[in-house]
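**Q** So I've got this file, query03.pdb, and it contains PDB, C-alpha atoms and all ligand atoms:
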ATOM      1  CA  MET A  67      12.773  13.933 -21.025
ATOM      2  CA  VAL A  68      16.282  15.012 -22.024
ATOM      3  CA  VAL A  69      19.052  13.082 -20.327
ATOM      4  CA  SER A  70      22.290  15.053 -20.012
ATOM      5  CA  GLY A  71      25.558  14.863 -18.116
ATOM      6  CA  LYS A  72      23.842  16.606 -15.199
ATOM      7  CA  THR A  73      20.845  14.252 -14.949
ATOM      8  CA  ARG A  74      20.558  12.631 -11.526
ATOM      9  CA  VAL A  75      19.995   8.868 -11.590
ATOM     10  CA  TYR A  76      17.574   6.898  -9.396
ATOM     11  CA  GLY A  77      16.393   3.306  -9.662
ATOM     12  CA  VAL A  78      14.973   0.132  -8.198
ATOM     13  CA  ILE A  79      16.799  -3.160  -7.606
ATOM     14  CA  GLY A  80      15.123  -6.553  -7.320
ATOM     15  CA  ASP A  81      14.781  -9.957  -8.951
ATOM     16  CA  PRO A  82      12.458 -10.329 -10.782
ATOM     17  CA  ILE A  83      12.051  -6.651 -11.666
ATOM     18  CA  GLU A  84      10.358  -6.672 -15.090
ATOM     19  CA  HIS A  85       6.875  -5.881 -13.710
ATOM     20  CA  THR A  86       7.859  -3.057 -11.349
ATOM     21  CA  LEU A  87       5.703   0.098 -11.480
ATOM     22  CA  SER A  88       8.352   2.275  -9.810
ATOM     23  CA  PRO A  89       9.975   3.616 -13.033
ATOM     24  CA  VAL A  90       6.679   4.833 -14.537
ATOM     25  CA  MET A  91       5.581   6.411 -11.231
ATOM     26  CA  HIS A  92       8.869   8.181 -10.480
ATOM     27  CA  ASN A  93       9.666   9.291 -14.030
ATOM     28  CA  ALA A  94       6.158  10.795 -14.288
ATOM     29  CA  ALA A  95       6.734  12.579 -10.960
ATOM     30  CA  PHE A  96      10.162  13.903 -12.051
ATOM     31  CA  GLU A  97       8.664  15.173 -15.276
ATOM     32  CA  ALA A  98       5.694  16.825 -13.544
ATOM     33  CA  LEU A  99       8.038  18.719 -11.185
ATOM     34  CA  LYS A 100      10.547  19.416 -14.000
ATOM     35  CA  LEU A 101      13.354  17.724 -12.067
ATOM     36  CA  ASP A 102      16.405  16.716 -14.089
ATOM     37  CA  CYS A 103      16.269  13.104 -12.893
ATOM     38  CA  VAL A 104      15.745   9.660 -14.401
ATOM     39  CA  PHE A 105      14.606   6.390 -12.796
ATOM     40  CA  LEU A 106      15.661   2.945 -14.061
ATOM     41  CA  ALA A 107      14.998  -0.674 -13.078
ATOM     42  CA  PHE A 108      17.990  -2.929 -12.386
ATOM     43  CA  LYS A 109      17.679  -6.704 -12.180
ATOM     44  CA  VAL A 110      20.140  -7.681  -9.456
ATOM     45  CA  LYS A 111      20.761 -11.298  -8.472
ATOM     46  CA  SER A 112      21.037 -12.067  -4.750
ATOM     47  CA  ALA A 113      24.773 -12.780  -4.994
ATOM     48  CA  GLU A 114      25.309  -9.326  -6.567
ATOM     49  CA  VAL A 115      23.608  -7.093  -3.971
ATOM     50  CA  GLY A 116      26.938  -5.944  -2.464
ATOM     51  CA  ASN A 117      28.328  -5.153  -5.913
ATOM     52  CA  ALA A 118      25.139  -3.291  -6.828
ATOM     53  CA  ILE A 119      25.497  -1.054  -3.762
ATOM     54  CA  SER A 120      29.195  -0.472  -4.542
ATOM     55  CA  GLY A 121      27.999   0.497  -8.023
ATOM     56  CA  MET A 122      25.496   2.917  -6.505
ATOM     57  CA  ARG A 123      28.398   4.630  -4.724
ATOM     58  CA  ALA A 124      30.688   4.547  -7.767
ATOM     59  CA  PHE A 125      28.049   5.884 -10.190
ATOM     60  CA  ASN A 126      26.765   8.388  -7.619
ATOM     61  CA  ILE A 127      23.220   7.066  -8.010
ATOM     62  CA  GLN A 128      21.100   9.387  -5.848
ATOM     63  CA  GLY A 129      18.474   6.945  -4.643
ATOM     64  CA  LEU A 130      17.296   3.358  -4.956
ATOM     65  CA  ASN A 131      14.148   1.467  -4.135
ATOM     66  CA  VAL A 132      14.816  -2.086  -2.994
ATOM     67  CA  THR A 133      12.318  -4.832  -3.639
ATOM     68  CA  MET A 134      12.119  -8.605  -3.217
ATOM     69  CA  PRO A 135      14.293 -10.456  -2.383
ATOM     70  CA  HIS A 136      16.889  -7.864  -1.273
ATOM     71  CA  LYS A 137      15.142  -5.793   1.416
ATOM     72  CA  GLU A 138      17.026  -7.515   4.250
ATOM     73  CA  THR A 139      20.351  -8.430   2.638
ATOM     74  CA  VAL A 140      20.976  -4.868   1.450
ATOM     75  CA  ILE A 141      21.174  -3.593   5.051
ATOM     76  CA  LYS A 142      24.737  -4.703   5.755
ATOM     77  CA  HIS A 143      25.998  -2.713   2.745
ATOM     78  CA  LEU A 144      24.576   0.644   3.894
ATOM     79  CA  ASP A 145      26.057   3.305   6.194
ATOM     80  CA  GLU A 146      23.058   4.172   8.362
ATOM     81  CA  ILE A 147      19.637   2.604   8.900
ATOM     82  CA  ASP A 148      16.587   4.556  10.005
ATOM     83  CA  PRO A 149      15.020   3.181  13.260
ATOM     84  CA  THR A 150      11.835   1.923  11.506
ATOM     85  CA  ALA A 151      13.814   0.024   8.860
ATOM     86  CA  ARG A 152      16.102  -1.312  11.591
ATOM     87  CA  PHE A 153      13.108  -2.519  13.591
ATOM     88  CA  LEU A 154      11.585  -4.182  10.526
ATOM     89  CA  ASN A 155      14.981  -5.476   9.385
ATOM     90  CA  ALA A 156      13.962  -4.413   5.873
ATOM     91  CA  VAL A 157      14.987  -1.464   3.690
ATOM     92  CA  ASN A 158      12.941  -0.443   0.645
ATOM     93  CA  THR A 159      14.484   3.004   0.078
ATOM     94  CA  ILE A 160      18.131   4.111  -0.053
ATOM     95  CA  GLN A 161      19.110   7.761  -0.083
ATOM     96  CA  ASN A 162      22.593   8.771  -1.217
ATOM     97  CA  LYS A 163      23.323  11.776   0.985
ATOM     98  CA  ASN A 164      26.640  13.251  -0.137
ATOM     99  CA  GLY A 165      28.160   9.789  -0.513
ATOM    100  CA  LYS A 166      26.600   8.329   2.650
ATOM    101  CA  LEU A 167      23.968   5.639   1.990
ATOM    102  CA  LEU A 168      20.963   5.835   4.315
ATOM    103  CA  GLY A 169      18.310   3.067   4.492
ATOM    104  CA  PHE A 170      14.581   3.634   5.113
ATOM    105  CA  ASN A 171      11.354   1.629   4.966
ATOM    106  CA  THR A 172       8.312   3.447   3.550
ATOM    107  CA  ASP A 173       5.918   0.453   3.245
ATOM    108  CA  GLY A 174       4.223   1.027   6.599
ATOM    109  CA  VAL A 175       3.857   4.763   6.234
ATOM    110  CA  GLY A 176       2.553   4.116   2.705
ATOM    111  CA  ALA A 177      -0.190   1.866   4.074
ATOM    112  CA  LEU A 178      -1.166   4.386   6.741
ATOM    113  CA  LYS A 179      -1.296   7.261   4.245
ATOM    114  CA  ALA A 180      -3.304   5.136   1.812
ATOM    115  CA  LEU A 181      -5.900   4.458   4.514
ATOM    116  CA  ARG A 182      -6.114   8.089   5.577
ATOM    117  CA  ALA A 183      -6.239   9.405   2.004
ATOM    118  CA  ASN A 184      -9.299   7.183   1.549
ATOM    119  CA  GLN A 185     -10.974   8.518   4.705
ATOM    120  CA  VAL A 186     -10.170   5.445   6.793
ATOM    121  CA  ASP A 187      -8.632   6.470  10.109
ATOM    122  CA  PRO A 188      -7.252   3.541  12.164
ATOM    123  CA  LYS A 189      -6.990   5.672  15.312
ATOM    124  CA  ASP A 190      -8.436   3.670  18.235
ATOM    125  CA  LYS A 191     -10.085   1.187  15.846
ATOM    126  CA  LYS A 192     -10.011  -2.618  15.885
ATOM    127  CA  VAL A 193      -7.886  -3.787  12.959
ATOM    128  CA  LEU A 194      -7.768  -7.356  11.724
ATOM    129  CA  LEU A 195      -4.534  -7.984   9.820
ATOM    130  CA  LEU A 196      -4.165 -11.135   7.729
ATOM    131  CA  GLY A 197      -0.549 -12.175   7.192
ATOM    132  CA  ALA A 198       2.777 -11.825   8.994
ATOM    133  CA  GLY A 199       5.220 -11.654   6.069
ATOM    134  CA  GLY A 200       7.460  -8.726   5.115
ATOM    135  CA  ALA A 201       4.699  -6.354   4.036
ATOM    136  CA  ALA A 202       2.442  -7.291   6.965
ATOM    137  CA  ARG A 203       5.264  -6.483   9.396
ATOM    138  CA  ALA A 204       5.655  -2.982   7.971
ATOM    139  CA  VAL A 205       1.884  -2.389   7.986
ATOM    140  CA  ALA A 206       1.558  -3.757  11.530
ATOM    141  CA  TYR A 207       4.387  -1.580  12.824
ATOM    142  CA  SER A 208       2.893   1.682  11.618
ATOM    143  CA  LEU A 209      -0.612   0.639  12.722
ATOM    144  CA  SER A 210       0.550  -0.479  16.164
ATOM    145  CA  GLN A 211       1.023   3.134  17.229
ATOM    146  CA  GLU A 212      -2.481   4.150  16.116
ATOM    147  CA  VAL A 213      -5.040   1.385  16.570
ATOM    148  CA  GLY A 214      -7.200   0.547  19.565
ATOM    149  CA  GLU A 215      -6.666  -3.168  18.996
ATOM    150  CA  LEU A 216      -4.695  -5.199  16.473
ATOM    151  CA  VAL A 217      -5.391  -8.856  15.708
ATOM    152  CA  ILE A 218      -2.851 -10.642  13.492
ATOM    153  CA  LEU A 219      -3.844 -13.933  11.863
ATOM    154  CA  ASN A 220      -1.339 -16.012   9.912
ATOM    155  CA  ARG A 221      -1.280 -19.455   8.320
ATOM    156  CA  THR A 222       1.989 -20.244  10.132
ATOM    157  CA  PRO A 223       1.854 -19.305  13.839
ATOM    158  CA  LYS A 224       5.542 -18.492  14.480
ATOM    159  CA  PRO A 225       5.977 -15.348  12.328
ATOM    160  CA  ALA A 226       2.769 -13.875  13.789
ATOM    161  CA  GLU A 227       3.893 -14.594  17.360
ATOM    162  CA  GLU A 228       7.326 -13.087  16.692
ATOM    163  CA  LEU A 229       5.735 -10.030  15.083
ATOM    164  CA  ALA A 230       3.412  -9.479  18.041
ATOM    165  CA  SER A 231       6.214  -9.749  20.590
ATOM    166  CA  PHE A 232       8.279  -7.289  18.484
ATOM    167  CA  LEU A 233       5.398  -4.824  18.323
ATOM    168  CA  LYS A 234       4.777  -5.022  22.053
ATOM    169  CA  LYS A 235       8.256  -3.550  22.625
ATOM    170  CA  THR A 236       7.131  -0.209  21.194
ATOM    171  CA  SER A 237       3.336  -0.263  21.484
ATOM    172  CA  ASN A 238       1.070  -0.443  24.517
ATOM    173  CA  LYS A 239      -1.991  -1.296  22.400
ATOM    174  CA  LYS A 240      -3.870  -4.605  22.621
ATOM    175  CA  ILE A 241      -2.166  -6.949  20.148
ATOM    176  CA  THR A 242      -3.224 -10.575  19.766
ATOM    177  CA  VAL A 243      -2.401 -13.343  17.299
ATOM    178  CA  GLY A 244      -4.160 -16.390  15.926
ATOM    179  CA  LEU A 245      -4.180 -18.953  13.189
ATOM    180  CA  LEU A 246      -5.548 -17.818   9.817
ATOM    181  CA  SER A 247      -8.660 -19.993   9.486
ATOM    182  CA  PRO A 248     -12.302 -19.439   8.472
ATOM    183  CA  GLU A 249     -13.323 -19.739  12.141
ATOM    184  CA  THR A 250     -10.846 -17.165  13.525
ATOM    185  CA  ILE A 251     -11.599 -14.740  10.700
ATOM    186  CA  GLU A 252     -15.347 -14.973  11.176
ATOM    187  CA  THR A 253     -15.098 -14.615  14.977
ATOM    188  CA  ASN A 254     -12.814 -11.581  14.825
ATOM    189  CA  LEU A 255     -14.527  -9.897  11.913
ATOM    190  CA  ALA A 256     -17.704  -9.240  13.877
ATOM    191  CA  GLU A 257     -16.123  -6.430  15.923
ATOM    192  CA  THR A 258     -13.525  -5.357  13.380
ATOM    193  CA  ASN A 259     -13.568  -1.839  11.911
ATOM    194  CA  ILE A 260     -10.718  -2.298   9.423
ATOM    195  CA  LEU A 261      -9.694  -5.520   7.689
ATOM    196  CA  ILE A 262      -6.326  -5.634   5.926
ATOM    197  CA  ASN A 263      -5.235  -8.495   3.713
ATOM    198  CA  ALA A 264      -1.432  -8.547   3.758
ATOM    199  CA  THR A 265      -1.129 -12.163   2.621
ATOM    200  CA  SER A 266      -0.491 -12.918  -1.039
ATOM    201  CA  ILE A 267      -3.878 -14.678  -1.332
ATOM    202  CA  GLY A 268      -5.662 -13.314  -4.414
ATOM    203  CA  MET A 269      -2.468 -12.273  -6.192
ATOM    204  CA  LYS A 270      -2.106 -13.345  -9.836
ATOM    205  CA  PRO A 271      -2.095 -16.116 -10.989
ATOM    206  CA  ASN A 272      -4.497 -16.970  -8.112
ATOM    207  CA  ALA A 273      -6.791 -14.007  -8.727
ATOM    208  CA  ASP A 274      -9.899 -16.157  -8.207
ATOM    209  CA  GLN A 275      -9.034 -16.587  -4.492
ATOM    210  CA  SER A 276     -10.012 -14.461  -1.492
ATOM    211  CA  PRO A 277      -9.119 -14.945   2.188
ATOM    212  CA  ILE A 278     -12.633 -13.837   3.181
ATOM    213  CA  LYS A 279     -16.036 -15.268   2.291
ATOM    214  CA  ALA A 280     -18.183 -12.703   0.470
ATOM    215  CA  GLU A 281     -21.028 -13.069   2.981
ATOM    216  CA  TRP A 282     -18.787 -11.968   5.877
ATOM    217  CA  LEU A 283     -18.277  -8.526   4.356
ATOM    218  CA  ARG A 284     -20.572  -5.657   5.343
ATOM    219  CA  ARG A 285     -21.293  -1.986   4.916
ATOM    220  CA  ASN A 286     -19.633  -0.557   8.055
ATOM    221  CA  LEU A 287     -16.279  -2.240   7.415
ATOM    222  CA  ALA A 288     -13.187  -0.780   5.735
ATOM    223  CA  VAL A 289     -11.205  -3.287   3.679
ATOM    224  CA  MET A 290      -7.674  -2.753   2.407
ATOM    225  CA  ASP A 291      -6.179  -5.463   0.214
ATOM    226  CA  ILE A 292      -2.482  -4.729  -0.208
ATOM    227  CA  VAL A 293      -2.321  -7.117  -3.177
ATOM    228  CA  TYR A 294      -2.235  -4.866  -6.264
ATOM    229  CA  ASN A 295      -1.967  -7.394  -9.054
ATOM    230  CA  PRO A 296      -4.813  -7.596 -10.150
ATOM    231  CA  VAL A 297      -5.705  -3.956  -9.428
ATOM    232  CA  GLU A 298      -9.115  -5.065  -8.168
ATOM    233  CA  THR A 299      -8.779  -8.327  -6.248
ATOM    234  CA  LYS A 300     -11.620 -10.719  -5.595
ATOM    235  CA  LEU A 301     -11.693  -9.513  -1.983
ATOM    236  CA  ALA A 302     -11.949  -5.886  -3.132
ATOM    237  CA  LYS A 303     -14.730  -6.741  -5.607
ATOM    238  CA  ASN A 304     -16.720  -8.586  -2.930
ATOM    239  CA  ALA A 305     -16.142  -5.767  -0.422
ATOM    240  CA  LYS A 306     -17.367  -3.207  -2.940
ATOM    241  CA  ALA A 307     -20.471  -5.314  -3.612
ATOM    242  CA  ALA A 308     -21.142  -5.456   0.156
ATOM    243  CA  LYS A 309     -20.828  -1.612   0.224
ATOM    244  CA  ALA A 310     -17.761  -1.742   2.488
ATOM    245  CA  THR A 311     -15.166   1.042   2.105
ATOM    246  CA  VAL A 312     -12.397  -0.336  -0.136
ATOM    247  CA  VAL A 313      -8.752   0.772  -0.259
ATOM    248  CA  SER A 314      -6.751  -0.910  -3.000
ATOM    249  CA  GLY A 315      -3.170  -2.138  -2.850
ATOM    250  CA  ILE A 316      -2.285   0.358  -5.552
ATOM    251  CA  GLU A 317      -2.954   3.128  -3.036
ATOM    252  CA  MET A 318      -0.351   1.690  -0.661
ATOM    253  CA  LEU A 319       2.085   1.246  -3.547
ATOM    254  CA  ILE A 320       1.615   4.871  -4.604
ATOM    255  CA  TYR A 321       2.007   6.283  -1.092
ATOM    256  CA  GLN A 322       5.105   4.212  -0.298
ATOM    257  CA  GLY A 323       6.565   5.455  -3.596
ATOM    258  CA  ALA A 324       5.549   9.021  -2.743
ATOM    259  CA  ALA A 325       7.298   8.717   0.632
ATOM    260  CA  SER A 326      10.510   7.493  -1.098
ATOM    261  CA  PHE A 327      10.252  10.366  -3.599
ATOM    262  CA  GLU A 328      10.007  12.896  -0.760
ATOM    263  CA  ILE A 329      13.054  11.399   1.016
ATOM    264  CA  TRP A 330      15.104  11.680  -2.201
ATOM    265  CA  THR A 331      14.003  15.059  -3.508
ATOM    266  CA  SER A 332      12.670  16.940  -0.454
ATOM    267  CA  CYS A 333       9.781  17.931  -2.793
ATOM    268  CA  LYS A 334       6.117  17.129  -2.129
ATOM    269  CA  ALA A 335       5.306  14.080  -4.263
ATOM    270  CA  PRO A 336       2.721  14.655  -7.024
ATOM    271  CA  VAL A 337       0.534  11.768  -5.870
ATOM    272  CA  GLU A 338      -2.139  12.180  -8.566
ATOM    273  CA  VAL A 339       0.505  12.063 -11.316
ATOM    274  CA  MET A 340       2.046   8.942  -9.786
ATOM    275  CA  ARG A 341      -1.364   7.247  -9.442
ATOM    276  CA  LYS A 342      -2.283   7.993 -13.064
ATOM    277  CA  ALA A 343       1.076   6.697 -14.342
ATOM    278  CA  ALA A 344       0.807   3.478 -12.314
ATOM    279  CA  LEU A 345      -2.796   2.779 -13.352
ATOM    280  CA  ASN A 346      -2.097   3.522 -17.037
ATOM    281  CA  ASN A 347       0.811   1.130 -16.967
ATOM    282  CA  LEU A 348      -1.227  -1.599 -15.281
ATOM    283  CA  LYS A 349      -3.965  -1.210 -17.901
ATOM    284  CA  LYS A 350      -1.388  -1.762 -20.665
ATOM    285  CA  VAL A 351      -0.072  -4.899 -18.929
TER     286      VAL A 351
HETATM  287  N1  LIG B   1       0.638  -2.584  -2.096
HETATM  288  C1  LIG B   1       1.935  -2.552  -1.796
HETATM  289  O1  LIG B   1       2.569  -1.486  -1.790
HETATM  290  C2  LIG B   1       2.630  -3.819  -1.437
HETATM  291  C3  LIG B   1       3.911  -3.779  -0.822
HETATM  292  C4  LIG B   1       4.528  -5.005  -0.506
HETATM  293  C5  LIG B   1       3.885  -6.200  -0.798
HETATM  294  N2  LIG B   1       2.659  -6.177  -1.405
HETATM  295  C6  LIG B   1       1.948  -7.431  -1.702
HETATM  296  O2  LIG B   1       1.656  -8.056  -0.464
HETATM  297  C7  LIG B   1       1.647  -9.483  -0.600
HETATM  298  C8  LIG B   1       2.556 -10.100   0.471
HETATM  299  O3  LIG B   1       3.889  -9.670   0.221
HETATM  300  P1  LIG B   1       5.083  -9.966   1.272
HETATM  301  O4  LIG B   1       6.262  -9.252   0.760
HETATM  302  O5  LIG B   1       4.649  -9.729   2.660
HETATM  303  O6  LIG B   1       5.273 -11.546   1.057
HETATM  304  P2  LIG B   1       5.860 -12.613   2.105
HETATM  305  O7  LIG B   1       6.851 -11.983   3.005
HETATM  306  O8  LIG B   1       6.230 -13.770   1.285
HETATM  307  O9  LIG B   1       4.573 -13.008   3.018
HETATM  308  C9  LIG B   1       3.475 -13.694   2.460
HETATM  309  C10 LIG B   1       2.350 -13.778   3.482
HETATM  310  O10 LIG B   1       1.213 -14.381   2.861
HETATM  311  C11 LIG B   1       0.879 -15.586   3.552
HETATM  312  N3  LIG B   1       0.389 -16.556   2.577
HETATM  313  C12 LIG B   1       0.888 -16.804   1.336
HETATM  314  N4  LIG B   1       0.158 -17.737   0.707
HETATM  315  C13 LIG B   1      -0.839 -18.096   1.569
HETATM  316  C14 LIG B   1      -1.915 -19.013   1.499
HETATM  317  N5  LIG B   1      -2.128 -19.753   0.406
HETATM  318  N6  LIG B   1      -2.736 -19.115   2.546
HETATM  319  C15 LIG B   1      -2.542 -18.367   3.660
HETATM  320  N7  LIG B   1      -1.539 -17.468   3.785
HETATM  321  C16 LIG B   1      -0.688 -17.337   2.752
HETATM  322  C17 LIG B   1       2.149 -16.017   4.247
HETATM  323  O11 LIG B   1       1.843 -16.855   5.321
HETATM  324  P3  LIG B   1       2.951 -17.894   5.895
HETATM  325  O12 LIG B   1       3.775 -17.122   6.892
HETATM  326  O13 LIG B   1       2.145 -18.969   6.514
HETATM  327  O14 LIG B   1       3.758 -18.368   4.708
HETATM  328  C18 LIG B   1       2.688 -14.637   4.689
HETATM  329  O15 LIG B   1       1.971 -14.175   5.816
HETATM  330  C19 LIG B   1       2.109  -9.753  -2.040
HETATM  331  O16 LIG B   1       0.956  -9.949  -2.841
HETATM  332  C20 LIG B   1       2.794  -8.448  -2.455
HETATM  333  O17 LIG B   1       2.736  -8.212  -3.845
HETATM  334  C21 LIG B   1       2.022  -5.021  -1.715
END
Please express the file's structure as structure tokens.
**A**
Amino acid sequence: MVVSGKTRVYGVIGDPIEHTLSPVMHNAAFEALKLDCVFLAFKVKSAEVGNAISGMRAFNIQGLNVTMPHKETVIKHLDEIDPTARFLNAVNTIQNKNGKLLGFNTDGVGALKALRANQVDPKDKKVLLLGAGGAARAVAYSLSQEVGELVILNRTPKPAEELASFLKKTSNKKITVGLLSPETIETNLAETNILINATSIGMKPNADQSPIKAEWLRRNLAVMDIVYNPVETKLAKNAKAAKATVVSGIEMLIYQGAASFEIWTSCKAPVEVMRKAALNNLKKV
């Protein structure tokens, strides 16, 4: 890669940011498509989000990904917010369109594309979603237009109830909520077609944990664990052993990144290149 005075700059802001996979994925994609662009990671403290966005304008940075903990606070510094990001109150992608900063959220569409790319179609299916945090909201929103039925279970009732009442404003599908407990999981799992873990259970350093008992998993079930660190979670391992269809969190990460890439460049994202770059980097870590 040769960086010149004409090179367009992209990046990701967050705190912490050291473990982000976005630079390796996007730089590999730029290189594969021979685009004169570079992608950097910027550690931005919460108190500096406004200054970072002013910097984006001043340096004419063409696009930014936004990760924890800035997805909500960045909104007030942008010029226009896409309806999905507005609904979710979370922006993970900023496009600099001729000086105007536009906010998007590609997490939900990333999850949907990851499912479909792995031959799991949520259309008219019963989906059991564990979690009601930021990522779960995005996943639930995109699924709520597709599924037959959506059940949301969360450790804390309030966020799940708020999410369901939000979703009911734009979806006429059956959406119910419950407490995340062994009993509610087991009861709901019986008729579930697709199980999605959108809690952080199983994420390093707690990689020995799973929200689901191994014996509840079965062949005619699709399981997506959005946790991607470790690449293969305990839930994913157990699901594979039970011969369920497994979609890893890396797939969602890649497709949300691909959706950001397409917003920025208007080019079709080289998904295979991005997947290879992300997996190679994770192996090194
Ligand atoms: N693959 C991807 O592209 C992608 C994208 C975004 C996030 N993620 C991953 O998704 C996970 C969640 O991220 P997030 O941004 O949604 O986080 P978040 O907003 O902090 O939400 C965390 C969720 O996990 C639940 N939870 C946490 N610890 C729990 C425990 N011990 N028992 C039961 N429930 C627990 C929380 O329940 P309470 O409401 O009760 O606290 C909440 O529903 C993280 O592992 C993150 O890395 C993946």
**Q** Just say which residues the PyMOL selection byres (((chain A and resi 218) around 9) and not hetatm) picks in this file, as an mmCIF file with C-alpha atoms, in the frame of the given file.
**A**
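In the end it all went to part.cif:
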data_model
loop_
_atom_site.group_PDB
_atom_site.id
_atom_site.type_symbol
_atom_site.label_atom_id
_atom_site.label_comp_id
_atom_site.auth_asym_id
_atom_site.auth_seq_id
_atom_site.Cartn_x
_atom_site.Cartn_y
_atom_site.Cartn_z
ATOM 1 C CA VAL A 193 -7.886 -3.787 12.959
ATOM 2 C CA LEU A 194 -7.768 -7.356 11.724
ATOM 3 C CA LEU A 195 -4.534 -7.984 9.820
ATOM 4 C CA LEU A 196 -4.165 -11.135 7.729
ATOM 5 C CA GLY A 197 -0.549 -12.175 7.192
ATOM 6 C CA ALA A 198 2.777 -11.825 8.994
ATOM 7 C CA ALA A 206 1.558 -3.757 11.530
ATOM 8 C CA LEU A 216 -4.695 -5.199 16.473
ATOM 9 C CA VAL A 217 -5.391 -8.856 15.708
ATOM 10 C CA LEU A 219 -3.844 -13.933 11.863
ATOM 11 C CA ASN A 220 -1.339 -16.012 9.912
ATOM 12 C CA ALA A 226 2.769 -13.875 13.789
ATOM 13 C CA GLU A 227 3.893 -14.594 17.360
ATOM 14 C CA LEU A 229 5.735 -10.030 15.083
ATOM 15 C CA ALA A 230 3.412 -9.479 18.041
ATOM 16 C CA ILE A 241 -2.166 -6.949 20.148
ATOM 17 C CA THR A 242 -3.224 -10.575 19.766
ATOM 18 C CA VAL A 243 -2.401 -13.343 17.299
ATOM 19 C CA GLY A 244 -4.160 -16.390 15.926
ATOM 20 C CA LEU A 245 -4.180 -18.953 13.189
ATOM 21 C CA LEU A 246 -5.548 -17.818 9.817
#
**Q** Please find the residues contacting ligand LIG 1 (chain B) at a distance of at most 9 Å between atoms, with all atoms listed in the file counted, and report them as a ChimeraX atom specification.
**A** /A:133-135,173-174,176-177,196-204,219-226,246-247,263-270,277,291-295,314-323
**Q** Identify, on the basis of all atoms listed in the file, every residue whose closest approach to Thr139 (chain A) does not exceed 10 Å; exclude the query and any residue fewer than 4 positions from it along the same chain; express the result as a ChimeraX atom specification.
**A** /A:112-113,115-116,135,143,155-157
**Q** Which residues, written as a ChimeraX atom specification, have at least one atom at most 10 Å from Lys192 (chain A), with only C-alpha atoms counted and residues fewer than 4 positions away on the same chain left out?
**A** /A:188,213-217,240-241,254-255,257-261
**Q** Just write the chosen residues, C-alpha atoms, as a short mmCIF file (atom, residue, chain, number, x, y, z; two decimals), keeping the file's coordinate frame.
**A**
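Listing of out36.cif after writing:
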data_model
loop_
_atom_site.label_atom_id
_atom_site.label_comp_id
_atom_site.auth_asym_id
_atom_site.auth_seq_id
_atom_site.Cartn_x
_atom_site.Cartn_y
_atom_site.Cartn_z
CA PRO A 188 -7.25 3.54 12.16
CA VAL A 213 -5.04 1.38 16.57
CA GLY A 214 -7.20 0.55 19.57
CA GLU A 215 -6.67 -3.17 19.00
CA LEU A 216 -4.70 -5.20 16.47
CA VAL A 217 -5.39 -8.86 15.71
CA LYS A 240 -3.87 -4.61 22.62
CA ILE A 241 -2.17 -6.95 20.15
CA ASN A 254 -12.81 -11.58 14.82
CA LEU A 255 -14.53 -9.90 11.91
CA GLU A 257 -16.12 -6.43 15.92
CA THR A 258 -13.52 -5.36 13.38
CA ASN A 259 -13.57 -1.84 11.91
CA ILE A 260 -10.72 -2.30 9.42
CA LEU A 261 -9.69 -5.52 7.69
#
**Q** Kindly extract all protein, DNA and RNA residues lying within 6 Å of the coordinates (-8.7, -1.0, 3.7) given in the file, considering only C-alpha atoms, and supply them as a list in words.
**A**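 Within the cut-off we find Ile262, Ala288, Val289, Met290, Val312 and Val313 of chain A.
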